[in-house]
file work_33.csv (CSV, C-alpha atoms)
chain,number,residue,atom,x,y,z
A,1,MET,CA,94.4,61.6,74.4
A,2,GLY,CA,98.0,60.7,75.1
A,3,LYS,CA,100.5,62.7,77.1
A,4,MET,CA,100.3,66.5,77.3
A,5,ILE,CA,102.8,68.4,75.2
A,6,TYR,CA,103.3,71.8,76.8
A,7,LEU,CA,104.5,74.4,74.3
A,8,ASP,CA,103.4,77.6,76.1
A,9,ASN,CA,106.5,78.3,78.1
A,10,ALA,CA,106.4,82.0,77.2
A,11,ALA,CA,103.2,82.2,79.2
A,12,THR,CA,104.6,80.4,82.2
A,13,THR,CA,106.9,77.5,83.1
A,14,LYS,CA,106.7,74.5,85.4
A,15,THR,CA,108.4,75.3,88.7
A,16,ALA,CA,111.6,73.2,88.9
A,17,PRO,CA,111.7,70.5,91.6
A,18,GLU,CA,114.9,72.0,93.1
A,19,VAL,CA,113.3,75.4,93.3
A,20,VAL,CA,110.3,73.9,95.2
A,21,GLN,CA,112.7,72.2,97.5
A,22,ALA,CA,114.5,75.4,98.2
A,23,MET,CA,111.2,77.2,99.0
A,24,LEU,CA,109.6,74.6,101.3
A,25,PRO,CA,111.4,75.4,104.5
A,26,TYR,CA,110.3,79.0,104.4
A,27,PHE,CA,106.6,78.1,104.5
A,28,SER,CA,106.5,76.2,107.8
A,29,GLU,CA,110.0,75.9,109.3
A,30,TYR,CA,111.6,79.3,108.9
A,31,TYR,CA,108.5,81.4,108.8
A,32,GLY,CA,109.7,84.5,110.7
A,33,ASN,CA,109.0,88.0,109.4
A,34,PRO,CA,112.3,89.3,108.0
A,35,SER,CA,111.7,92.7,109.6
A,36,SER,CA,111.6,91.3,113.2
A,37,VAL,CA,114.8,91.6,115.3
A,38,TYR,CA,115.0,88.1,116.9
A,39,ASP,CA,117.4,85.4,115.6
A,40,PHE,CA,114.6,83.2,114.2
A,41,ALA,CA,113.5,86.0,111.8
A,42,GLY,CA,117.1,86.5,110.9
A,43,LYS,CA,117.0,83.2,108.9
A,44,SER,CA,114.4,84.7,106.6
A,45,LYS,CA,116.3,87.9,106.3
A,46,ALA,CA,119.5,86.0,105.4
A,47,ALA,CA,117.6,83.9,102.8
A,48,ILE,CA,116.4,87.1,101.1
A,49,ALA,CA,119.9,88.5,101.0
A,50,GLU,CA,121.2,85.3,99.5
A,51,ALA,CA,118.6,85.2,96.8
A,52,ARG,CA,119.2,88.9,96.0
A,53,GLY,CA,122.9,88.1,95.5
A,54,GLN,CA,122.1,85.0,93.3
A,55,ILE,CA,120.0,87.2,90.9
A,56,ALA,CA,122.5,90.1,90.9
A,57,ASP,CA,125.2,87.6,89.9
A,58,VAL,CA,123.3,86.6,86.8
A,59,LEU,CA,123.1,90.3,85.7
A,60,GLY,CA,126.6,91.4,86.8
A,61,ALA,CA,124.8,93.8,89.1
A,62,LYS,CA,125.2,94.7,92.8
A,63,LYS,CA,122.8,92.9,95.1
A,64,GLU,CA,121.6,96.2,96.6
A,65,GLU,CA,120.4,97.1,93.0
A,66,ILE,CA,117.8,94.3,93.0
A,67,TYR,CA,114.3,95.2,94.3
A,68,PHE,CA,111.7,92.5,94.7
A,69,THR,CA,108.2,93.0,93.3
A,70,ALA,CA,105.1,90.8,92.8
A,71,GLY,CA,106.1,90.2,89.1
A,72,GLY,CA,107.1,91.7,85.8
A,73,SER,CA,104.0,93.9,85.3
A,74,GLU,CA,104.6,95.6,88.7
A,75,ALA,CA,108.2,96.1,87.9
A,76,ASP,CA,107.3,97.7,84.5
A,77,ASN,CA,104.8,100.0,86.2
A,78,TRP,CA,107.3,101.0,88.9
A,79,ALA,CA,110.1,101.8,86.4
A,80,LEU,CA,107.9,104.0,84.2
A,81,LYS,CA,105.7,105.8,86.8
A,82,ALA,CA,108.4,106.4,89.4
A,83,ALA,CA,111.0,107.5,86.9
A,84,PHE,CA,108.6,109.9,85.2
A,85,GLU,CA,107.8,111.4,88.6
A,86,ALA,CA,111.4,111.6,89.7
A,87,TYR,CA,112.7,113.2,86.4
A,88,SER,CA,109.7,115.3,85.4
A,89,SER,CA,111.6,118.5,86.2
A,90,ARG,CA,113.9,117.6,83.3
A,91,GLY,CA,111.2,116.8,80.8
A,92,ASN,CA,108.1,114.8,80.0
A,93,HIS,CA,109.1,112.7,77.0
A,94,ILE,CA,109.3,108.9,77.0
A,95,ILE,CA,110.4,106.7,74.0
A,96,THR,CA,109.1,103.2,73.7
A,97,THR,CA,107.9,100.9,70.9
A,98,LYS,CA,104.6,99.7,69.4
A,99,ILE,CA,105.4,96.0,70.3
A,100,GLU,CA,105.9,96.3,74.0
A,101,HIS,CA,104.0,94.2,76.5
A,102,HIS,CA,100.8,95.8,77.7
A,103,ALA,CA,102.3,96.4,81.1
A,104,ILE,CA,104.4,99.1,79.3
A,105,LEU,CA,101.9,100.3,76.8
A,106,HIS,CA,99.0,100.7,79.3
A,107,THR,CA,101.3,102.5,81.7
A,108,CYS,CA,102.4,104.8,79.0
A,109,GLU,CA,98.8,105.5,78.2
A,110,TYR,CA,98.1,106.3,81.8
A,111,LEU,CA,101.1,108.7,81.9
A,112,GLU,CA,99.9,110.4,78.8
A,113,LYS,CA,96.3,110.9,79.9
A,114,GLN,CA,96.7,111.4,83.6
A,115,ARG,CA,100.2,112.9,84.1
A,116,GLY,CA,100.9,114.9,80.9
A,117,ALA,CA,103.6,112.7,79.5
A,118,ARG,CA,104.5,112.8,75.8
A,119,ILE,CA,105.1,109.3,74.4
A,120,THR,CA,106.8,108.3,71.2
A,121,TYR,CA,105.9,104.8,70.0
A,122,LEU,CA,108.5,103.6,67.6
A,123,ASP,CA,107.7,101.5,64.6
A,124,VAL,CA,109.6,98.2,64.0
A,125,ASP,CA,110.6,96.5,60.8
A,126,GLU,CA,108.9,93.4,59.4
A,127,ASN,CA,110.9,91.2,61.8
A,128,GLY,CA,110.0,93.2,64.9
A,129,LEU,CA,113.3,95.0,65.2
A,130,VAL,CA,113.7,98.5,66.4
A,131,ARG,CA,115.9,100.7,64.2
A,132,PRO,CA,118.4,102.4,66.5
A,133,GLU,CA,118.9,105.3,64.1
A,134,GLU,CA,115.2,106.1,64.3
A,135,LEU,CA,115.2,105.8,68.1
A,136,GLU,CA,118.1,108.3,68.2
A,137,LYS,CA,116.2,110.7,65.9
A,138,ALA,CA,113.2,110.6,68.3
A,139,ILE,CA,115.3,112.0,71.2
A,140,THR,CA,114.5,115.5,72.2
A,141,PRO,CA,115.8,117.8,75.0
A,142,GLU,CA,112.7,116.7,76.9
A,143,THR,CA,113.4,113.0,76.7
A,144,ILE,CA,113.9,111.5,80.2
A,145,LEU,CA,113.4,107.7,79.6
A,146,ILE,CA,113.8,105.1,76.9
A,147,SER,CA,111.9,101.8,77.5
A,148,VAL,CA,112.5,99.0,74.9
A,149,MET,CA,111.9,95.3,75.7
A,150,PHE,CA,114.9,93.0,75.5
A,151,ALA,CA,113.0,90.3,73.6
A,152,ASN,CA,109.4,90.2,72.4
A,153,ASN,CA,107.1,87.9,74.3
A,154,GLU,CA,105.1,87.0,71.2
A,155,ILE,CA,107.4,86.7,68.2
A,156,GLY,CA,110.7,86.2,70.2
A,157,THR,CA,112.7,88.9,68.4
A,158,ILE,CA,115.7,90.0,70.4
A,159,GLU,CA,116.1,93.8,70.1
A,160,PRO,CA,119.4,95.6,69.6
A,161,VAL,CA,119.6,96.4,73.3
A,162,LYS,CA,123.4,97.0,73.4
A,163,GLU,CA,123.1,99.7,70.7
A,164,ILE,CA,120.0,101.3,72.3
A,165,GLY,CA,121.8,101.4,75.7
A,166,ARG,CA,124.8,103.0,74.1
A,167,ILE,CA,122.6,105.7,72.5
A,168,ALA,CA,120.8,106.3,75.8
A,169,ARG,CA,124.0,106.6,77.8
A,170,LYS,CA,125.5,109.0,75.1
A,171,HIS,CA,122.5,111.3,75.5
A,172,GLY,CA,122.3,111.0,79.3
A,173,ILE,CA,118.9,109.4,79.2
A,174,LEU,CA,117.6,106.6,81.5
A,175,PHE,CA,117.3,103.2,79.7
A,176,HIS,CA,114.8,100.6,81.0
A,177,THR,CA,114.3,97.2,79.4
A,178,ASP,CA,111.5,94.7,80.0
A,179,ALA,CA,113.5,91.5,80.2
A,180,VAL,CA,110.7,89.2,81.4
A,181,GLN,CA,111.2,86.9,78.4
A,182,ALA,CA,115.0,87.2,78.2
A,183,PHE,CA,116.3,87.0,81.8
A,184,GLY,CA,117.7,83.5,82.3
A,185,GLN,CA,117.2,82.7,78.6
A,186,VAL,CA,120.1,84.7,77.1
A,187,PRO,CA,123.1,86.4,78.6
A,188,ILE,CA,122.5,89.9,80.0
A,189,GLY,CA,125.1,92.2,81.5
A,190,VAL,CA,123.7,95.4,82.8
A,191,ASP,CA,127.0,97.2,82.5
A,192,GLU,CA,127.8,95.9,79.1
A,193,TYR,CA,124.3,96.9,77.8
A,194,ASN,CA,124.2,100.3,79.7
A,195,ILE,CA,120.9,99.2,81.3
A,196,ASP,CA,119.7,101.5,84.1
A,197,MET,CA,116.5,99.5,85.0
A,198,LEU,CA,115.4,96.0,84.1
A,199,SER,CA,112.2,94.1,84.8
A,200,SER,CA,111.9,90.3,85.3
A,201,SER,CA,109.5,87.6,86.6
A,202,ALA,CA,110.4,84.3,88.2
A,203,HIS,CA,107.7,82.1,86.6
A,204,LYS,CA,109.2,82.5,83.2
A,205,ILE,CA,112.4,80.6,84.2
A,206,ASN,CA,111.0,77.7,86.3
A,207,GLY,CA,110.5,79.8,89.4
A,208,PRO,CA,107.3,80.5,91.3
A,209,LYS,CA,104.5,82.8,90.3
A,210,GLY,CA,103.9,86.1,92.1
A,211,ILE,CA,107.5,87.2,92.4
A,212,GLY,CA,109.6,89.4,90.2
A,213,PHE,CA,112.3,92.1,90.5
A,214,LEU,CA,113.2,95.5,89.2
A,215,TYR,CA,117.0,96.2,88.8
A,216,ILE,CA,117.7,99.8,89.5
A,217,ARG,CA,121.2,101.0,88.9
A,218,LYS,CA,122.8,102.7,91.8
A,219,GLY,CA,122.5,106.4,91.4
A,220,VAL,CA,119.3,106.4,89.5
A,221,LYS,CA,116.8,108.7,91.2
A,222,ILE,CA,113.5,106.8,91.5
A,223,ARG,CA,110.6,107.2,93.9
A,224,SER,CA,109.1,104.6,96.2
A,225,PHE,CA,106.4,102.6,94.6
A,226,VAL,CA,104.6,101.3,97.7
A,227,HIS,CA,104.5,103.3,100.9
A,228,GLY,CA,104.0,102.0,104.4
A,229,GLY,CA,107.2,100.3,105.5
A,230,ALA,CA,110.9,100.1,105.3
A,231,GLN,CA,111.2,97.0,103.2
A,232,GLU,CA,113.3,97.0,100.0
A,233,ARG,CA,115.3,99.9,101.3
A,234,LYS,CA,112.1,101.9,101.8
A,235,ARG,CA,111.2,101.8,98.2
A,236,ARG,CA,108.6,99.0,98.2
A,237,ALA,CA,106.7,98.5,101.5
A,238,GLY,CA,105.1,95.2,102.5
A,239,THR,CA,106.2,92.0,104.2
A,240,GLU,CA,108.5,90.2,101.8
A,241,ASN,CA,107.3,87.0,100.0
A,242,VAL,CA,110.2,85.0,101.5
A,243,PRO,CA,109.4,81.6,99.9
A,244,GLY,CA,108.9,83.3,96.5
A,245,ILE,CA,112.1,85.3,96.8
A,246,VAL,CA,114.1,82.2,97.8
A,247,GLY,CA,112.5,80.3,94.8
A,248,TYR,CA,113.5,83.1,92.5
A,249,GLY,CA,117.1,83.0,93.7
A,250,ALA,CA,117.2,79.3,93.1
A,251,ALA,CA,115.6,79.6,89.7
A,252,ALA,CA,118.0,82.3,88.6
A,253,ARG,CA,121.0,80.3,89.7
A,254,ARG,CA,119.7,77.2,87.9
A,255,ALA,CA,118.9,79.2,84.7
A,256,ALA,CA,122.4,80.6,84.6
A,257,GLU,CA,124.0,77.2,85.1
A,258,THR,CA,121.9,75.5,82.4
A,259,MET,CA,121.6,78.4,80.0
A,260,GLU,CA,124.1,77.3,77.4
A,261,GLU,CA,123.0,73.7,77.2
A,262,ARG,CA,119.3,74.7,77.2
A,263,ALA,CA,119.8,77.3,74.4
A,264,GLU,CA,121.6,74.8,72.2
A,265,LYS,CA,118.9,72.2,72.5
A,266,GLU,CA,116.0,74.5,72.2
A,267,THR,CA,117.5,76.3,69.2
A,268,ARG,CA,118.0,73.0,67.5
A,269,LEU,CA,114.4,71.9,68.1
A,270,ARG,CA,113.0,75.4,67.3
A,271,ASP,CA,114.7,75.4,63.9
A,272,HIS,CA,113.6,71.9,63.2
A,273,LEU,CA,110.0,72.8,63.9
A,274,ILE,CA,110.2,76.0,61.9
A,275,ALA,CA,111.7,74.1,58.9
A,276,ARG,CA,108.9,71.5,59.0
A,277,LEU,CA,106.0,74.0,59.4
A,278,CYS,CA,107.4,76.4,56.7
A,279,GLY,CA,108.5,73.6,54.4
A,280,GLU,CA,105.5,71.3,54.6
A,281,ILE,CA,102.5,73.6,55.0
A,282,PRO,CA,101.8,76.1,52.2
A,283,TYR,CA,100.9,79.7,52.8
A,284,VAL,CA,102.6,80.0,56.2
A,285,ARG,CA,104.7,82.8,57.5
A,286,LEU,CA,107.3,82.8,60.3
A,287,ASN,CA,106.9,85.8,62.5
A,288,GLY,CA,109.9,87.4,64.2
A,289,ASP,CA,113.5,87.6,63.2
A,290,PRO,CA,114.8,84.2,61.8
A,291,ALA,CA,118.1,84.5,63.6
A,292,LYS,CA,117.8,87.2,66.3
A,293,ARG,CA,115.2,85.4,68.3
A,294,LEU,CA,114.8,83.6,71.6
A,295,PRO,CA,116.0,80.0,71.5
A,296,ASN,CA,112.6,78.5,72.3
A,297,ASN,CA,110.2,80.7,70.3
A,298,VAL,CA,108.2,79.7,67.2
A,299,ASN,CA,105.5,82.0,66.0
A,300,VAL,CA,103.8,81.3,62.7
A,301,SER,CA,100.8,82.6,60.8
A,302,PHE,CA,98.6,80.3,58.7
A,303,GLN,CA,96.6,81.9,56.0
A,304,PHE,CA,92.9,81.1,55.6
A,305,VAL,CA,92.5,79.7,59.2
A,306,GLU,CA,91.5,81.1,62.6
A,307,GLY,CA,94.1,80.8,65.4
A,308,GLU,CA,91.5,80.1,68.0
A,309,SER,CA,90.3,77.0,66.0
A,310,LEU,CA,93.9,75.9,65.7
A,311,LEU,CA,94.5,76.1,69.4
A,312,LEU,CA,91.3,74.2,70.3
A,313,MET,CA,92.2,71.4,67.9
A,314,LEU,CA,95.7,71.3,69.2
A,315,ASP,CA,94.3,71.0,72.7
A,316,SER,CA,92.2,68.0,71.6
A,317,PHE,CA,95.5,66.3,70.9
A,318,GLY,CA,97.0,67.3,74.2
A,319,VAL,CA,99.1,70.2,72.9
A,320,CYS,CA,99.2,73.4,74.9
A,321,ALA,CA,100.0,76.5,72.8
A,322,SER,CA,98.8,80.1,72.5
A,323,SER,CA,98.1,82.8,70.0
A,324,GLY,CA,100.2,85.4,71.8
A,325,SER,CA,100.5,87.1,75.1
A,326,ALA,CA,98.6,85.3,77.9
A,327,CYS,CA,97.7,88.7,79.3
A,328,THR,CA,95.4,89.3,76.3
A,329,SER,CA,94.4,85.8,75.3
A,330,GLY,CA,90.8,86.6,76.0
A,331,SER,CA,90.7,89.4,73.5
A,332,LEU,CA,89.2,88.9,70.0
A,333,ASP,CA,91.4,91.6,68.6
A,334,PRO,CA,94.4,90.5,66.6
A,335,SER,CA,97.8,90.9,68.3
A,336,HIS,CA,99.2,94.4,68.4
A,337,VAL,CA,102.6,93.0,67.8
A,338,LEU,CA,101.7,91.2,64.6
A,339,LEU,CA,99.9,94.2,63.3
A,340,ALA,CA,102.9,96.3,64.1
A,341,ILE,CA,105.2,94.1,61.9
A,342,GLY,CA,102.8,94.6,59.0
A,343,LEU,CA,100.5,91.5,59.0
A,344,PRO,CA,97.0,92.0,57.7
A,345,HIS,CA,94.2,91.4,60.3
A,346,GLU,CA,93.1,88.2,58.7
A,347,THR,CA,96.7,86.8,58.7
A,348,ALA,CA,97.3,87.9,62.3
A,349,HIS,CA,94.2,86.0,63.4
A,350,GLY,CA,95.7,82.8,62.1
A,351,SER,CA,98.8,82.9,64.2
A,352,VAL,CA,100.1,80.4,66.8
A,353,ARG,CA,102.9,80.8,69.3
A,354,LEU,CA,104.8,77.6,70.3
A,355,THR,CA,107.4,78.0,73.0
A,356,LEU,CA,109.6,75.1,73.9
A,357,SER,CA,111.4,74.1,77.1
A,358,GLU,CA,114.4,72.0,78.1
A,359,GLU,CA,111.9,69.1,78.5
A,360,THR,CA,110.6,69.3,74.9
A,361,THR,CA,111.8,66.4,72.7
A,362,LEU,CA,112.2,65.8,69.0
A,363,GLU,CA,109.3,63.4,69.1
A,364,ASP,CA,107.1,66.2,70.7
A,365,VAL,CA,108.1,68.6,68.0
A,366,ASP,CA,107.4,66.2,65.2
A,367,PHE,CA,104.1,65.2,66.7
A,368,VAL,CA,103.0,68.9,66.8
A,369,ALA,CA,104.2,69.4,63.2
A,370,ASP,CA,102.2,66.4,62.0
A,371,ARG,CA,99.1,67.5,63.8
A,372,LEU,CA,99.3,71.0,62.6
A,373,LYS,CA,99.6,69.8,59.0
A,374,GLU,CA,96.4,67.9,59.4
A,375,ILE,CA,94.6,70.6,61.3
A,376,VAL,CA,95.5,73.4,58.9
A,377,GLN,CA,94.4,71.3,55.9
A,378,ASN,CA,91.1,70.4,57.6
A,379,LEU,CA,90.3,74.0,58.5
A,380,ARG,CA,91.2,75.2,55.0
A,381,ASN,CA,88.9,72.6,53.5
A,382,MET,CA,86.1,74.2,55.4
A,383,SER,CA,87.1,77.8,54.5
A,384,PRO,CA,85.2,79.7,51.7
A,385,LEU,CA,88.1,82.1,51.5
A,386,TYR,CA,90.6,79.3,50.8
A,387,GLU,CA,88.2,77.8,48.3
A,388,ASP,CA,87.9,81.1,46.4
A,389,PHE,CA,91.7,81.6,46.6
A,390,MET,CA,92.4,78.1,45.1
A,391,LYS,CA,89.8,78.7,42.3
A,392,LYS,CA,91.5,82.0,41.4
A,393,LYS,CA,94.9,80.3,41.5
A,394,LYS,CA,93.8,77.6,39.0
A,395,LYS,CA,92.6,80.2,36.5
call {"tool": "encode", "arguments": {"input": "work_33.csv", "output": "structure tokens"}}
result
Amino acid sequence: MGKMIYLDNAATTKTAPEVVQAMLPYFSEYYGNPSSVYDFAGKSKAAIAEARGQIADVLGAKKEEIYFTAGGSEADNWALKAAFEAYSSRGNHIITTKIEHHAILHTCEYLEKQRGARITYLDVDENGLVRPEELEKAITPETILISVMFANNEIGTIEPVKEIGRIARKHGILFHTDAVQAFGQVPIGVDEYNIDMLSSSAHKINGPKGIGFLYIRKGVKIRSFVHGGAQERKRRAGTENVPGIVGYGAAARRAAETMEERAEKETRLRDHLIARLCGEIPYVRLNGDPAKRLPNNVNVSFQFVEGESLLLMLDSFGVCASSGSACTSGSLDPSHVLLAIGLPHETAHGSVRLTLSEETTLEDVDFVADRLKEIVQNLRNMSPLYEDFMKKKKK
């Protein structure tokens, strides 16, 4: 096997060298607890403040509106559970979509079963787009929160967030967006988009794992998520992960500085890969919106093959890919996202997600396209379904 070609950047990314360098001093040189009063600990406290400001700058937010968490899933849980608790006197209705990450869907399920929430799960179109007019029709006097992801983690579709934020603001409803896949990949302005809460995770943008944040607009009434200390302005207790926070700040700054160049390169390679797969392999479908999608996302379904077999054979060639969300990769069920956009079960099972990075080359993309052509044909040659299909086609 030759070099590894890593095309699973939606699952996680390689921590950038400059991010690692920024973190290192806070493991063994400046290791003081930020909550302590002596000068040595103040270096850790100052580093956290700097990182908070670096992240806020990317969003056009105030640094005191950034609250650090252990990752995107925690931030999603906090946004939904704490907002529901804080605003339950106004109503119990939450609007979300059928294609959200399970951190949102499972939290909504919990709120329904355990806390008496009423949840509306919006349908999406065949490209995975929410229809703003349907969202607005779903609003009731009891609606207290709208939660729609900025960009889908499986098919890469970028949602009409600006329009959704406008609708939420018009009706005086809190708007939360899971931006785990979008932060640092596409421009986001919390004021421009009328976003009240936003979730993100460092390891999606070449930062460390185990650190995320929840943006909470000043004035939003939201309860503490972890009790036991005064950290994060008494809303999330626990000694801060100083190296992780420093790493996230460095990764956010790096992502903002390189965003335009990365997006141009990744979009060009993405479109080249899509053109090759859809133009050279029969019975293939591009999943997600062809234009309104993340720069690095390619998700395709191949009829008459199993996605798991595709992934194993790609792995034998040194290619790392996935069939969808890493959080559900062990499940035998087809992707809830692909079912929501109307794919039959058998087609959804034959899907592969390829997510590029700034290090991906044209040679990498062409190698993967060539291998997929071979693999798909070999698997179809062993498929009774494909054989029957071809026989019927010849009649």
call {"tool": "atom_distance", "arguments": {"input": "work_33.csv", "atom1": "atom CA of Tyr30 of chain A", "atom2": "atom CA of Ala49 of chain A"}}
result
14.7 Å
call {"tool": "closest_residue", "arguments": {"input": "work_33.csv", "among": "A:Gln185, A:Asn206, A:Thr15, A:Thr347", "to": "Val58 of chain A", "atoms": "only C-alpha atoms"}}
result
A:Gln185
call {"tool": "atom_distance", "arguments": {"input": "work_33.csv", "atom1": "atom CA of Pro132 of chain A", "atom2": "atom CA of Tyr67 of chain A"}}
result
29.0 Å
call {"tool": "closest_residue", "arguments": {"input": "work_33.csv", "among": "A:Ala250, A:Phe68, A:Ile155, A:Glu18", "to": "Lys234 of chain A", "atoms": "all atoms listed in the file"}}
result
A:Phe68
call {"tool": "residues_near_point", "arguments": {"input": "work_33.csv", "point": "(100.9, 76.6, 75.6)", "cutoff": "12 Å", "atoms": "only C-alpha atoms", "output": "PyMOL selection string"}}
result
chain A and resi 4-14+297-299+311-312+314-315+318-326+329+352-357+368
call {"tool": "closest_residue", "arguments": {"input": "work_33.csv", "among": "A:Val130, A:Leu372, A:Val305, A:Ile222", "to": "Ile281 of chain A", "atoms": "all atoms listed in the file"}}
result
A:Leu372
call {"tool": "residues_around", "arguments": {"input": "work_33.csv", "residues": "Gly60 of chain A", "least_positions_apart": "2", "cutoff": "8 Å", "atoms": "only C-alpha atoms", "output": "PyMOL selection string"}}
result
chain A and resi 56-58+62+189-191
call {"tool": "closest_residue", "arguments": {"input": "work_33.csv", "among": "A:Lys137, A:Arg254, A:Lys63, A:His272", "to": "Leu362 of chain A", "atoms": "all atoms listed in the file"}}
result
A:His272
call {"tool": "residues_around", "arguments": {"input": "work_33.csv", "residues": "segment 31-34 of chain A", "least_positions_apart": "3", "cutoff": "9 Å", "atoms": "only C-alpha atoms", "output": "MDAnalysis selection string"}}
result
chainID A and resid 25:28 37:38 40:46 48 239:240 242:243
call {"tool": "atom_distance", "arguments": {"input": "work_33.csv", "atom1": "atom CA of Leu24 of chain A", "atom2": "atom CA of Ala61 of chain A"}}
result
27.4 Å
call {"tool": "closest_residue", "arguments": {"input": "work_33.csv", "among": "A:Thr96, A:Ser351, A:Ser88, A:Gln303", "to": "Leu385 of chain A", "atoms": "all atoms listed in the file"}}
result
A:Gln303
call {"tool": "residues_around", "arguments": {"input": "work_33.csv", "residues": "Ile211 of chain A", "least_positions_apart": "2", "cutoff": "9 Å", "atoms": "only C-alpha atoms", "output": "NGL selection string"}}
result
:A and (68-72 or 200-203 or 207-209 or 213 or 241 or 244-245 or 247-248)
call {"tool": "write_last_selection", "arguments": {"input": "work_33.csv", "atoms": "C-alpha atoms", "output": "PDB file, in the frame of the given file"}}
result
ATOM      1  CA  PHE A  68     111.700  92.500  94.700  1.00  0.00           C
ATOM      2  CA  THR A  69     108.200  93.000  93.300  1.00  0.00           C
ATOM      3  CA  ALA A  70     105.100  90.800  92.800  1.00  0.00           C
ATOM      4  CA  GLY A  71     106.100  90.200  89.100  1.00  0.00           C
ATOM      5  CA  GLY A  72     107.100  91.700  85.800  1.00  0.00           C
ATOM      6  CA  SER A 200     111.900  90.300  85.300  1.00  0.00           C
ATOM      7  CA  SER A 201     109.500  87.600  86.600  1.00  0.00           C
ATOM      8  CA  ALA A 202     110.400  84.300  88.200  1.00  0.00           C
ATOM      9  CA  HIS A 203     107.700  82.100  86.600  1.00  0.00           C
ATOM     10  CA  GLY A 207     110.500  79.800  89.400  1.00  0.00           C
ATOM     11  CA  PRO A 208     107.300  80.500  91.300  1.00  0.00           C
ATOM     12  CA  LYS A 209     104.500  82.800  90.300  1.00  0.00           C
ATOM     13  CA  PHE A 213     112.300  92.100  90.500  1.00  0.00           C
ATOM     14  CA  ASN A 241     107.300  87.000 100.000  1.00  0.00           C
ATOM     15  CA  GLY A 244     108.900  83.300  96.500  1.00  0.00           C
ATOM     16  CA  ILE A 245     112.100  85.300  96.800  1.00  0.00           C
ATOM     17  CA  GLY A 247     112.500  80.300  94.800  1.00  0.00           C
ATOM     18  CA  TYR A 248     113.500  83.100  92.500  1.00  0.00           C
TER      19      TYR A 248
END
call {"tool": "residues_near_point", "arguments": {"input": "work_33.csv", "point": "(107.5, 96.3, 88.0)", "cutoff": "12 Å", "atoms": "only C-alpha atoms", "output": "ChimeraX atom specification"}}
result
/A:66-83,103-104,107,176-180,197-201,210-216,224-226,236
call {"tool": "write_last_selection", "arguments": {"input": "work_33.csv", "atoms": "C-alpha atoms", "output": "mmCIF file, in the frame of the given file"}}
result
data_model
loop_
_atom_site.group_PDB
_atom_site.id
_atom_site.type_symbol
_atom_site.label_atom_id
_atom_site.label_comp_id
_atom_site.auth_asym_id
_atom_site.auth_seq_id
_atom_site.Cartn_x
_atom_site.Cartn_y
_atom_site.Cartn_z
ATOM 1 C CA ILE A 66 117.800 94.300 93.000
ATOM 2 C CA TYR A 67 114.300 95.200 94.300
ATOM 3 C CA PHE A 68 111.700 92.500 94.700
ATOM 4 C CA THR A 69 108.200 93.000 93.300
ATOM 5 C CA ALA A 70 105.100 90.800 92.800
ATOM 6 C CA GLY A 71 106.100 90.200 89.100
ATOM 7 C CA GLY A 72 107.100 91.700 85.800
ATOM 8 C CA SER A 73 104.000 93.900 85.300
ATOM 9 C CA GLU A 74 104.600 95.600 88.700
ATOM 10 C CA ALA A 75 108.200 96.100 87.900
ATOM 11 C CA ASP A 76 107.300 97.700 84.500
ATOM 12 C CA ASN A 77 104.800 100.000 86.200
ATOM 13 C CA TRP A 78 107.300 101.000 88.900
ATOM 14 C CA ALA A 79 110.100 101.800 86.400
ATOM 15 C CA LEU A 80 107.900 104.000 84.200
ATOM 16 C CA LYS A 81 105.700 105.800 86.800
ATOM 17 C CA ALA A 82 108.400 106.400 89.400
ATOM 18 C CA ALA A 83 111.000 107.500 86.900
ATOM 19 C CA ALA A 103 102.300 96.400 81.100
ATOM 20 C CA ILE A 104 104.400 99.100 79.300
ATOM 21 C CA THR A 107 101.300 102.500 81.700
ATOM 22 C CA HIS A 176 114.800 100.600 81.000
ATOM 23 C CA THR A 177 114.300 97.200 79.400
ATOM 24 C CA ASP A 178 111.500 94.700 80.000
ATOM 25 C CA ALA A 179 113.500 91.500 80.200
ATOM 26 C CA VAL A 180 110.700 89.200 81.400
ATOM 27 C CA MET A 197 116.500 99.500 85.000
ATOM 28 C CA LEU A 198 115.400 96.000 84.100
ATOM 29 C CA SER A 199 112.200 94.100 84.800
ATOM 30 C CA SER A 200 111.900 90.300 85.300
ATOM 31 C CA SER A 201 109.500 87.600 86.600
ATOM 32 C CA GLY A 210 103.900 86.100 92.100
ATOM 33 C CA ILE A 211 107.500 87.200 92.400
ATOM 34 C CA GLY A 212 109.600 89.400 90.200
ATOM 35 C CA PHE A 213 112.300 92.100 90.500
ATOM 36 C CA LEU A 214 113.200 95.500 89.200
ATOM 37 C CA TYR A 215 117.000 96.200 88.800
ATOM 38 C CA ILE A 216 117.700 99.800 89.500
ATOM 39 C CA SER A 224 109.100 104.600 96.200
ATOM 40 C CA PHE A 225 106.400 102.600 94.600
ATOM 41 C CA VAL A 226 104.600 101.300 97.700
ATOM 42 C CA ARG A 236 108.600 99.000 98.200
#
